[in-house]
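Report on the following structure.
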Amino acid sequence: MKRYFREISVTLALGLVLLGLAGFAPAFYQPQPLLSLATREAPTLVVACGMVLVIICRQIDISVGSQFSVCSVCAALLAARGWPLAMVVPASAALGALLGAVNGVLVAGLRLPSIVVTLATMVTLRQGLNLVRQGAFVNLPDSVQWFGLSQAAGQWTLVGAALALLVAFGLAMRHLAAGRWVYAVGTDAEAARLAGIRPQLVTFLVFVLLGALTGLAATMNLVQSPQVQPMVGAGLELKVIAAVVVGGVAISGGRGNLWGAFAGLLLLACVSPALTHLHIEAYWEKAIQGAIILLAVVADGVRQRKQKF
Amino acid sequence: MNASGSHSAGWKSVVLRYETLLFVVLVAEWFFFYHYGTTTNRRGTVVGFGTLDRQFDILRHSCEIGLLALALTPVILTAGIDLSVGSLLGLCAILFGKLWHDGGLSIPAAAALTLVAGALGGGLNATLITRLRLPPLIVTLGTYSLFRGLAEAITHGAVTYTDFPAGFLFFGQERWLGLPTQAWLFALVAAAIWLLVHRTTWGRAFRTIGFSPEGARYAGLPVERRVAQVYVLAGLIAALAALIYTARLGQAKADAGTGYELFAITAVVLGGTSIFGGRGSVTGTLLGVAAIAVLKNGLACLPVVIRLNAAEEMSGLLTGALLLLALTGSVLPKLWSSFRSRHRRT
Amino acid sequence: MAAASPTPSPLLSLRRAAKSYGGVRALRGVDFDLRAGEVHALLGENGAGKSTLIKIITGAHRPDAGEITVAGRTLDGLTPALAQQLGIACIYQSPALFPDLTVAENIGLRLEPAGAMRRVDWGARHRRAAQLLQQVGASIAPAAEVRTLSMPEQQLVEIACAIGAGARIVVMDEPTASLTQREQERLFTVVRELRAAGVGVIYISHRLEEIFALADRVTVLRDGQSVGTHGLNEVTEAGLIKLMVGREVAQIYPPAESAPGEPVLTLRGVGCAASGVHGVSFEVRAGEIFGVAGLVGAGRTELARILFGLTPADAGEITLNRERLAPRSPPEAVARGIAYVPEDRRRHGVVLEMPIAQNMTMAVHRRLFPGGWLRGAAEQGLARDFIRDLAIKTAGPDAPGGSLSGGNQQKVSLARWLATQPRLLILDEPTQGVDVGAKSEIHRIIRQLAKDGLAVIMISSDLPEVLGMSDRIGVMRGGTLTAVLPGGSPAAAVMAAALGQNERPDPA
């Protein structure tokens, strides 16, 4: 149980927040707003699945927000041209994988620090998009909305798809050799090499996978609104990293799992509705997010120091 | 430094220095924009890049990012990173506005308190990094969000502080002895950081820590204290940049300095400072800042960019691409030599 | 020549294996045989060439000359991968495991076939791990994280991996260095089972009683040469010690000329729980060289780290020039006049990327640069003086530390600390990996320093060096100082103290 201390404590914290909301703001529990909240967070969860892999591999990617925007706009343009969703979704995922591959080559191939590489790609992609699109919105055909289903059905589809991905990745990370390799590389790349694993290849592939998931998430966001604005996804990287770190995935690699990240995401997702319901201004959201990241890493730091002595 | 080696070797090392190359590129860049970015309008006056006003504008605009780049140079020399400087700039600008506007403090008192706040913000980074041994990357990513969030929370994302007295705006909008006032402040800080990095034992310690933190510890250097000082200094300079920013625009907003950390890091890396620590110079950083500032302003003067109305995006795009290029360039020699040695062995 | 092997085809044999590292001859034509179903002990002082021999057998290093035959196959280029394929496994003192992963997973990652999309059968993993762990007699839960295991437990995991991989040749490098009596006995059982199964075990240990209890044959190495292979029934402990240390000290050491003065450093019951040092008491006088001998892992470097403030003491009392000394950090220790020339030159002693002048002045920033302002002339002057005085071979004061040879790097490291004009100089393996010429120069420098009245602590695994240089010799064993012998004591006496023979004068 000690091994899953962080996952359990995050789940407990989530439970406390939910209890608090039940006490002070029961309105939070109305089914329709709750489903809407879940739907809004579904794309974030999909990106978080990929981010967990990258951080377990002892890397980081802060360009996912920009990747998300680029994929959203491109997917929207394709959809507006009349491409069926069945083709738009894989195209968007492929584009995301390509963008992830760029990061992957720079980090795994050239062994550059991932934080600086992805800082650069974050801005390059964002400004490139702004340059090409000049902030123009893309209007989407009605058939794209909720996959052409009713709103409730569309919402359930999105939430279900996100949860299915979560479960798939959660199981793969636990029960597939490739998943264990990610842990092995994040724990000790040299020992991994001795055990016959190729650390650079694994590192490259997790970036590609994160990109593909980001592209997929972009389309999951696409179907929720009648138009796409290019700033969609700005700040997504912080939200996702916060959720993952809060969920007990160690920034130093090798530790953590998707279930913890899921609990972390839910906890953060409850923050902003909790703020509104508790009549705290929403302007605090970013500050609270930052404070939660710091708190999570401080907790890890204190715990690791204790373990050392 | 002032090695009394043979003169020919000294001459060669100056020519072959990375800074020299960067300087040549900067001059070429300047002439490019001078040639393509300067036009004569219908009334016969020269407009665009070639005017003195525009050159002063470049100076003005590069001061804040330049200050952040100067602040980051010692940080990166110790093999650290500080992503929070742009956010801290925003928070300090807001604090300054609030202290003066709502707190009723005089400008000097508010400015002094702002500098203290900046140092405290840097101190938060320093404490978490040195006391708890947390990686600078994630700590400053957290404070990056925290500082910006606090700025937004204080202003509710909407309040803008304006109507600063002319005496204060003098620092951002006027000239003194023929140059924009803040250029003098910037020069002062640049000289101070240059002396710190290149002429004092502190700078020596930063490099040593960057090359080998364990080696520095075994040499009896106070590693934790020096690392902490680097982050506090970065916070202090970010606060100074906030004051200059506010004086230049005449207003303090929560989004002040958004994305500046990227420009600053790019300037430092472009200036030849290794992201892995140890190697680098303040001269390089200044040249890097100049190259980016000229690029940013020069683009805005090119007719084609004016037609597209995309100066901001173009400069951001090119800066990001430039950072990637500089990073790649910095590891290529290392990769090449390891590739060669691998092939020689087999 | 080694003892003729009666079996026609040994499991592994080395003929005239030689290896040099940058001018230092680590192995000079060693013959070695390993039969199936035997435990073959390898014995020798630190630096006698044991680890080089192991590196050649595991394919980590390629010998300069000689040939290796494994199971009748003469191999030209043995690589780690090929060694693994041939069933050669090595259990190192500090195993290369994944600390964040469980024991079962560590074993699984090593033993399971390749294939990324393969399903991990956790049940089978745990069962296999449990079975292998039981086989090595370890009561370790397969679900335990490796980071929570002690070093001996991690070794057992490594052995389990080796057994699981079906190793035919198992190399054990001081496996009992940190084991308790019970763990040790369990390990012996495992080794005997391996032997019974026809595995050849190369067993490296400094503990003679272990070798007598476990091994069938023993090969003694000295100065990179084999000085004989014997059946354990043919030799005595005293005979082995004599073989290890040789008949006389080959090198000429500068004679002691000084009469030690006042005590400079005094330790009373000093200990540090974190680094396993306890109850250390001794004193060092001005002008004295206090040699510290002992096996690797006996706590010698840990003692130096306490004195230098890297791992502060939590027990006992230290005085320096009659004032209490309790450094919490290296800067405090330096301020009190303590200098430490560390063992790991490349990581701790010299910053390889920086010019040697800057390396030399690193510890004297305060004195040399008043107010913190660098003064190039003073720095260059100091560097030139030391380059001249210590005869450092370099292109000049601005050459990077990494461009120098090992011996010259060591001199730079020494110069850095001499520049501080210390009261106490601690040298940790001052001549390790240094060629012969530089070695005797360094010895002369140390002797001169002592003559000038400096108190010197010299930690060394080089027994002749300790014997030849020291005025008194402290011997450490198991984290504490067990004996202080006069300088010029017979090598066998020091060796016996380091091996713990004085506690068991008459072992079976």
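Each chain in the structure tokens gets a letter, A, B and so on, in the order shown; residues start at 1 in every chain, and ligands are counted from 1 in the order they appear.
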Give the alpha helix (DSSP H) residues of region 240-385 of chain C, as assigned by DSSP on the backbone, as a ChimeraX atom specification. /C:240-245,300-307,330-335,356-361,365-368,376-385
Emit the selected residues as a short mmCIF file (atom, residue, chain, number, x, y, z; two decimals), in the first residue's frame, including N, CA and C atoms.
data_model
loop_
_atom_site.label_atom_id
_atom_site.label_comp_id
_atom_site.auth_asym_id
_atom_site.auth_seq_id
_atom_site.Cartn_x
_atom_site.Cartn_y
_atom_site.Cartn_z
N LEU C 240 48.98 -17.83 2.15
CA LEU C 240 48.27 -17.01 1.18
C LEU C 240 48.60 -15.53 1.37
N ILE C 241 48.62 -15.10 2.62
CA ILE C 241 48.93 -13.68 2.88
C ILE C 241 50.31 -13.36 2.34
N LYS C 242 51.24 -14.28 2.55
CA LYS C 242 52.58 -14.06 2.08
C LYS C 242 52.61 -13.95 0.54
N LEU C 243 51.84 -14.82 -0.10
CA LEU C 243 51.76 -14.76 -1.55
C LEU C 243 51.20 -13.41 -2.02
N MET C 244 50.17 -12.94 -1.30
CA MET C 244 49.50 -11.69 -1.71
C MET C 244 50.43 -10.49 -1.62
N VAL C 245 51.16 -10.37 -0.51
CA VAL C 245 51.92 -9.14 -0.30
C VAL C 245 53.33 -9.26 -0.88
N ARG C 300 36.98 3.98 5.00
CA ARG C 300 38.07 4.95 5.01
C ARG C 300 37.67 6.26 4.35
N THR C 301 37.08 6.17 3.13
CA THR C 301 36.63 7.38 2.46
C THR C 301 35.53 8.05 3.25
N GLU C 302 34.67 7.25 3.87
CA GLU C 302 33.59 7.80 4.68
C GLU C 302 34.15 8.62 5.84
N LEU C 303 35.25 8.16 6.41
CA LEU C 303 35.89 8.90 7.50
C LEU C 303 36.39 10.25 6.98
N ALA C 304 37.01 10.24 5.81
CA ALA C 304 37.50 11.49 5.22
C ALA C 304 36.34 12.44 4.95
N ARG C 305 35.21 11.89 4.50
CA ARG C 305 34.05 12.73 4.21
C ARG C 305 33.51 13.38 5.47
N ILE C 306 33.62 12.69 6.60
CA ILE C 306 33.19 13.29 7.87
C ILE C 306 34.09 14.48 8.20
N LEU C 307 35.39 14.28 8.09
CA LEU C 307 36.33 15.35 8.46
C LEU C 307 36.17 16.55 7.54
N PRO C 330 31.60 21.46 3.48
CA PRO C 330 32.99 21.64 3.07
C PRO C 330 33.53 23.06 3.29
N PRO C 331 32.75 24.13 2.97
CA PRO C 331 33.31 25.45 3.21
C PRO C 331 33.77 25.66 4.66
N GLU C 332 33.01 25.11 5.61
CA GLU C 332 33.40 25.24 7.02
C GLU C 332 34.71 24.50 7.27
N ALA C 333 34.84 23.31 6.70
CA ALA C 333 36.05 22.53 6.90
C ALA C 333 37.25 23.26 6.30
N VAL C 334 37.06 23.83 5.11
CA VAL C 334 38.15 24.53 4.44
C VAL C 334 38.56 25.74 5.28
N ALA C 335 37.58 26.43 5.83
CA ALA C 335 37.88 27.60 6.64
C ALA C 335 38.71 27.22 7.87
N ILE C 356 43.56 24.63 -15.76
CA ILE C 356 44.15 24.15 -14.52
C ILE C 356 44.42 25.29 -13.56
N ALA C 357 44.67 26.49 -14.09
CA ALA C 357 44.87 27.62 -13.18
C ALA C 357 43.63 27.84 -12.33
N GLN C 358 42.45 27.78 -12.98
CA GLN C 358 41.20 27.98 -12.24
C GLN C 358 40.95 26.83 -11.28
N ASN C 359 41.35 25.63 -11.70
CA ASN C 359 41.21 24.49 -10.80
C ASN C 359 42.06 24.66 -9.55
N MET C 360 43.25 25.22 -9.74
CA MET C 360 44.16 25.35 -8.61
C MET C 360 43.70 26.41 -7.62
N THR C 361 43.03 27.45 -8.10
CA THR C 361 42.66 28.54 -7.20
C THR C 361 41.26 28.37 -6.62
N HIS C 365 39.64 31.17 -3.22
CA HIS C 365 39.02 32.39 -3.74
C HIS C 365 39.13 33.55 -2.74
N ARG C 366 38.82 33.27 -1.48
CA ARG C 366 38.79 34.32 -0.48
C ARG C 366 40.15 35.01 -0.31
N ARG C 367 41.19 34.17 -0.21
CA ARG C 367 42.50 34.74 0.09
C ARG C 367 43.09 35.42 -1.14
N LEU C 368 42.94 34.76 -2.29
CA LEU C 368 43.61 35.24 -3.50
C LEU C 368 42.88 36.42 -4.14
N GLY C 376 43.66 38.11 -12.50
CA GLY C 376 44.27 37.17 -13.43
C GLY C 376 45.75 36.95 -13.15
N ALA C 377 46.46 38.05 -12.84
CA ALA C 377 47.91 37.93 -12.64
C ALA C 377 48.22 37.05 -11.45
N ALA C 378 47.48 37.26 -10.36
CA ALA C 378 47.73 36.47 -9.16
C ALA C 378 47.46 35.00 -9.43
N GLU C 379 46.36 34.75 -10.17
CA GLU C 379 45.98 33.37 -10.46
C GLU C 379 47.04 32.69 -11.32
N GLN C 380 47.44 33.40 -12.38
CA GLN C 380 48.45 32.82 -13.26
C GLN C 380 49.75 32.58 -12.51
N GLY C 381 50.09 33.53 -11.65
CA GLY C 381 51.33 33.40 -10.89
C GLY C 381 51.30 32.17 -10.01
N LEU C 382 50.19 32.01 -9.30
CA LEU C 382 50.06 30.85 -8.42
C LEU C 382 50.15 29.56 -9.23
N ALA C 383 49.45 29.55 -10.37
CA ALA C 383 49.44 28.34 -11.19
C ALA C 383 50.84 28.03 -11.71
N ARG C 384 51.54 29.06 -12.17
CA ARG C 384 52.90 28.84 -12.69
C ARG C 384 53.81 28.29 -11.60
N ASP C 385 53.67 28.86 -10.41
CA ASP C 385 54.51 28.38 -9.30
C ASP C 385 54.28 26.90 -9.05
#
Can you check which residues of chain C have any atom within 7 Å of chain A? Use only C-alpha atoms and format it as a ChimeraX atom specification. /C:96-100,109-110,116-120,274
Print the selection's residues with C-alpha atoms to a file, as a PDB file, in the first residue's frame.
ATOM      1  CA  ALA C  96      22.661  -2.427 -11.748  1.00  0.00           C
ATOM      2  CA  LEU C  97      18.969  -2.820 -10.991  1.00  0.00           C
ATOM      3  CA  PHE C  98      15.955  -0.568 -11.536  1.00  0.00           C
ATOM      4  CA  PRO C  99      15.397   1.043  -8.136  1.00  0.00           C
ATOM      5  CA  ASP C 100      11.808   2.163  -8.793  1.00  0.00           C
ATOM      6  CA  LEU C 109      12.910  -7.456 -17.572  1.00  0.00           C
ATOM      7  CA  ARG C 110      16.185  -9.364 -17.637  1.00  0.00           C
ATOM      8  CA  ALA C 116       7.202  -5.031 -27.146  1.00  0.00           C
ATOM      9  CA  MET C 117       3.599  -6.112 -27.656  1.00  0.00           C
ATOM     10  CA  ARG C 118       3.956  -9.174 -25.488  1.00  0.00           C
ATOM     11  CA  ARG C 119       1.557  -9.444 -22.554  1.00  0.00           C
ATOM     12  CA  VAL C 120       3.227  -9.340 -19.180  1.00  0.00           C
ATOM     13  CA  ALA C 274      24.368   7.614   7.634  1.00  0.00           C
TER      14      ALA C 274
END
Show me, as a PyMOL selection string, the residues of chain C whose atoms get within 8 Å of chain B, using only C-alpha atoms for the distance check. chain C and resi 330-331+333-334+340+342+347-351+353-354+362-363+365+369+372-374+376+398
For those residues, write C-alpha atoms to a file as an mmCIF file, in the first residue's frame.
data_model
loop_
_atom_site.group_PDB
_atom_site.id
_atom_site.type_symbol
_atom_site.label_atom_id
_atom_site.label_comp_id
_atom_site.auth_asym_id
_atom_site.auth_seq_id
_atom_site.Cartn_x
_atom_site.Cartn_y
_atom_site.Cartn_z
ATOM 1 C CA PRO C 330 32.988 21.643 3.069
ATOM 2 C CA PRO C 331 33.312 25.454 3.207
ATOM 3 C CA ALA C 333 36.050 22.535 6.903
ATOM 4 C CA VAL C 334 38.148 24.534 4.438
ATOM 5 C CA TYR C 340 40.841 16.845 1.117
ATOM 6 C CA PRO C 342 39.457 13.065 -3.108
ATOM 7 C CA ARG C 347 34.467 13.578 -10.839
ATOM 8 C CA HIS C 348 35.575 15.340 -7.657
ATOM 9 C CA GLY C 349 39.222 16.280 -7.800
ATOM 10 C CA VAL C 350 39.460 18.304 -11.002
ATOM 11 C CA VAL C 351 36.808 20.090 -13.045
ATOM 12 C CA GLU C 353 36.420 21.491 -18.527
ATOM 13 C CA MET C 354 38.124 24.291 -16.636
ATOM 14 C CA MET C 362 39.202 27.086 -6.616
ATOM 15 C CA ALA C 363 39.661 26.635 -2.883
ATOM 16 C CA HIS C 365 39.024 32.395 -3.736
ATOM 17 C CA PHE C 369 40.774 37.471 -4.641
ATOM 18 C CA GLY C 372 35.634 38.653 -4.726
ATOM 19 C CA TRP C 373 37.380 40.352 -7.675
ATOM 20 C CA LEU C 374 39.286 37.948 -9.855
ATOM 21 C CA GLY C 376 44.274 37.165 -13.425
ATOM 22 C CA ASP C 398 45.118 27.730 -19.371
#
What is the distance, in Å and to one decimal place, between CA of Gln151 (chain A) and CA of Val89 (chain A)?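 Here the two named atoms are 19.0 Å from each other.
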Contacts of chain B with chain A up to 8 Å, shortest pair per row, only C-alpha atoms, as CSV:
residue,atom,partner,partner_atom,distance
B:Leu128,CA,A:Val298,CA,7.5
B:Leu132,CA,A:Gly301,CA,5.8
B:Arg133,CA,A:Gly301,CA,7.1
B:Leu134,CA,A:Gly301,CA,6.3
B:Leu137,CA,A:Ile115,CA,7.4
B:Ile138,CA,A:Ile251,CA,7.5
B:Val139,CA,A:Leu294,CA,6.4
B:Leu141,CA,A:Gly290,CA,7.9
B:Gly142,CA,A:Gly290,CA,4.6
B:Thr143,CA,A:Gly290,CA,6.0
B:Tyr144,CA,A:Gly290,CA,7.3
B:Ser145,CA,A:Gly290,CA,4.6
B:Leu146,CA,A:Gly290,CA,4.2
B:Phe147,CA,A:Ala287,CA,6.7
B:Arg148,CA,A:Ala287,CA,6.9
B:Gly149,CA,A:Ala287,CA,3.7
B:Leu150,CA,A:Ala287,CA,5.3
B:Glu152,CA,A:Tyr283,CA,5.8
B:Ala153,CA,A:Tyr283,CA,4.7
B:His156,CA,A:Tyr283,CA,5.6
B:Gly157,CA,A:Tyr283,CA,6.4
B:Leu262,CA,A:Leu119,CA,7.1
B:Ala310,CA,A:Leu131,CA,6.0
B:Glu313,CA,A:Gln127,CA,4.8
B:Met314,CA,A:Leu131,CA,6.5
B:Gly316,CA,A:Gln127,CA,5.6
B:Leu317,CA,A:Thr124,CA,4.5
B:Leu318,CA,A:Thr124,CA,7.3
B:Thr319,CA,A:Thr124,CA,7.6
B:Gly320,CA,A:Ala120,CA,4.7
B:Ala321,CA,A:Thr124,CA,6.2
B:Leu323,CA,A:Ala120,CA,6.2
B:Leu324,CA,A:Ala120,CA,6.3
B:Leu327,CA,A:Leu112,CA,7.4
B:Thr328,CA,A:Leu110,CA,7.2
B:Val331,CA,A:Leu110,CA,7.0
B:Leu332,CA,A:Leu110,CA,7.9
B:Leu335,CA,A:Leu110,CA,7.4
Neighbour list for Ala161 (chain A) as a PDB file with N, CA and C atoms, in the first residue's frame, cut-off 12 Å, only C-alpha atoms, skip fewer than 2 positions in-chain:
ATOM      1  N   ALA A  38     -17.727  16.748 -17.390  1.00  0.00           N
ATOM      2  CA  ALA A  38     -16.975  15.561 -17.803  1.00  0.00           C
ATOM      3  C   ALA A  38     -16.624  15.634 -19.279  1.00  0.00           C
ATOM      4  N   THR A  39     -17.563  16.100 -20.085  1.00  0.00           N
ATOM      5  CA  THR A  39     -17.316  16.197 -21.520  1.00  0.00           C
ATOM      6  C   THR A  39     -16.210  17.203 -21.814  1.00  0.00           C
ATOM      7  N   ALA A  42     -12.912  15.653 -21.068  1.00  0.00           N
ATOM      8  CA  ALA A  42     -12.532  14.418 -21.764  1.00  0.00           C
ATOM      9  C   ALA A  42     -11.274  14.585 -22.628  1.00  0.00           C
ATOM     10  N   PRO A  43     -11.189  15.641 -23.462  1.00  0.00           N
ATOM     11  CA  PRO A  43      -9.961  15.781 -24.257  1.00  0.00           C
ATOM     12  C   PRO A  43      -8.722  15.934 -23.374  1.00  0.00           C
ATOM     13  N   LEU A  45      -8.208  14.623 -20.546  1.00  0.00           N
ATOM     14  CA  LEU A  45      -7.837  13.303 -20.044  1.00  0.00           C
ATOM     15  C   LEU A  45      -7.032  12.528 -21.076  1.00  0.00           C
ATOM     16  N   VAL A  46      -7.454  12.653 -22.333  1.00  0.00           N
ATOM     17  CA  VAL A  46      -6.739  11.921 -23.392  1.00  0.00           C
ATOM     18  C   VAL A  46      -5.304  12.422 -23.505  1.00  0.00           C
ATOM     19  N   ALA A 153     -26.129  12.045 -26.401  1.00  0.00           N
ATOM     20  CA  ALA A 153     -25.434  10.877 -26.946  1.00  0.00           C
ATOM     21  C   ALA A 153     -23.989  11.228 -27.271  1.00  0.00           C
ATOM     22  N   GLY A 154     -23.793  12.410 -27.853  1.00  0.00           N
ATOM     23  CA  GLY A 154     -22.444  12.849 -28.183  1.00  0.00           C
ATOM     24  C   GLY A 154     -21.595  12.977 -26.931  1.00  0.00           C
ATOM     25  N   GLN A 155     -22.185  13.554 -25.901  1.00  0.00           N
ATOM     26  CA  GLN A 155     -21.426  13.732 -24.659  1.00  0.00           C
ATOM     27  C   GLN A 155     -21.016  12.393 -24.079  1.00  0.00           C
ATOM     28  N   TRP A 156     -21.987  11.469 -24.045  1.00  0.00           N
ATOM     29  CA  TRP A 156     -21.665  10.148 -23.509  1.00  0.00           C
ATOM     30  C   TRP A 156     -20.594   9.463 -24.347  1.00  0.00           C
ATOM     31  N   THR A 157     -20.684   9.653 -25.682  1.00  0.00           N
ATOM     32  CA  THR A 157     -19.672   9.043 -26.552  1.00  0.00           C
ATOM     33  C   THR A 157     -18.281   9.548 -26.200  1.00  0.00           C
ATOM     34  N   LEU A 158     -18.174  10.881 -26.041  1.00  0.00           N
ATOM     35  CA  LEU A 158     -16.859  11.468 -25.746  1.00  0.00           C
ATOM     36  C   LEU A 158     -16.321  10.967 -24.420  1.00  0.00           C
ATOM     37  N   VAL A 159     -17.170  11.032 -23.391  1.00  0.00           N
ATOM     38  CA  VAL A 159     -16.714  10.610 -22.067  1.00  0.00           C
ATOM     39  C   VAL A 159     -16.338   9.133 -22.114  1.00  0.00           C
ATOM     40  N   LEU A 163     -12.655   7.556 -21.386  1.00  0.00           N
ATOM     41  CA  LEU A 163     -12.467   6.560 -20.332  1.00  0.00           C
ATOM     42  C   LEU A 163     -11.911   5.263 -20.912  1.00  0.00           C
ATOM     43  N   ALA A 164     -12.389   4.895 -22.125  1.00  0.00           N
ATOM     44  CA  ALA A 164     -11.891   3.668 -22.748  1.00  0.00           C
ATOM     45  C   ALA A 164     -10.399   3.783 -23.015  1.00  0.00           C
ATOM     46  N   LEU A 165      -9.976   4.969 -23.504  1.00  0.00           N
ATOM     47  CA  LEU A 165      -8.551   5.179 -23.748  1.00  0.00           C
ATOM     48  C   LEU A 165      -7.757   5.088 -22.454  1.00  0.00           C
ATOM     49  N   LEU A 166      -8.324   5.713 -21.415  1.00  0.00           N
ATOM     50  CA  LEU A 166      -7.648   5.686 -20.109  1.00  0.00           C
ATOM     51  C   LEU A 166      -7.427   4.247 -19.667  1.00  0.00           C
ATOM     52  N   VAL A 167      -8.512   3.448 -19.769  1.00  0.00           N
ATOM     53  CA  VAL A 167      -8.413   2.058 -19.318  1.00  0.00           C
ATOM     54  C   VAL A 167      -7.409   1.298 -20.193  1.00  0.00           C
ATOM     55  N   ALA A 168      -7.488   1.550 -21.509  1.00  0.00           N
ATOM     56  CA  ALA A 168      -6.580   0.848 -22.420  1.00  0.00           C
ATOM     57  C   ALA A 168      -5.136   1.166 -22.078  1.00  0.00           C
ATOM     58  N   LEU A 216      -5.817  13.470 -31.420  1.00  0.00           N
ATOM     59  CA  LEU A 216      -7.119  12.832 -31.190  1.00  0.00           C
ATOM     60  C   LEU A 216      -7.975  13.691 -30.275  1.00  0.00           C
ATOM     61  N   ALA A 217      -7.361  14.188 -29.200  1.00  0.00           N
ATOM     62  CA  ALA A 217      -8.081  15.017 -28.237  1.00  0.00           C
ATOM     63  C   ALA A 217      -8.614  16.274 -28.910  1.00  0.00           C
ATOM     64  N   THR A 219      -9.743  16.575 -31.886  1.00  0.00           N
ATOM     65  CA  THR A 219     -11.008  16.296 -32.570  1.00  0.00           C
ATOM     66  C   THR A 219     -12.134  16.072 -31.564  1.00  0.00           C
ATOM     67  N   MET A 220     -11.788  15.570 -30.381  1.00  0.00           N
ATOM     68  CA  MET A 220     -12.813  15.371 -29.360  1.00  0.00           C
ATOM     69  C   MET A 220     -13.337  16.706 -28.856  1.00  0.00           C
TER      70      MET A 220
END
Compile the contact shell of Gly66 (chain C) as a PyMOL selection string: residues with an atom at most 10 Å away, counting only C-alpha atoms, same-chain residues fewer than 3 positions apart removed. chain C and resi 14-19+28-31+62-63+76
Using C-alpha atoms, can you write the selected residues to a file as a JSON list (two decimals), in the first residue's frame?
[["chain", "number", "residue", "atom", "x", "y", "z"],
["C", 14, "LEU", "CA", 42.65, -17.33, -20.10],
["C", 15, "ARG", "CA", 46.13, -17.53, -21.59],
["C", 16, "ARG", "CA", 48.69, -14.76, -21.17],
["C", 17, "ALA", "CA", 46.03, -12.09, -20.78],
["C", 18, "ALA", "CA", 47.47, -8.57, -20.61],
["C", 19, "LYS", "CA", 45.88, -5.17, -20.33],
["C", 28, "ARG", "CA", 50.83, -8.66, -17.38],
["C", 29, "GLY", "CA", 50.14, -12.05, -18.91],
["C", 30, "VAL", "CA", 47.85, -13.91, -16.57],
["C", 31, "ASP", "CA", 46.81, -17.55, -17.00],
["C", 62, "ARG", "CA", 39.11, -6.25, -24.39],
["C", 63, "PRO", "CA", 42.57, -7.52, -23.45],
["C", 76, "ASP", "CA", 38.55, -13.12, -30.39]]
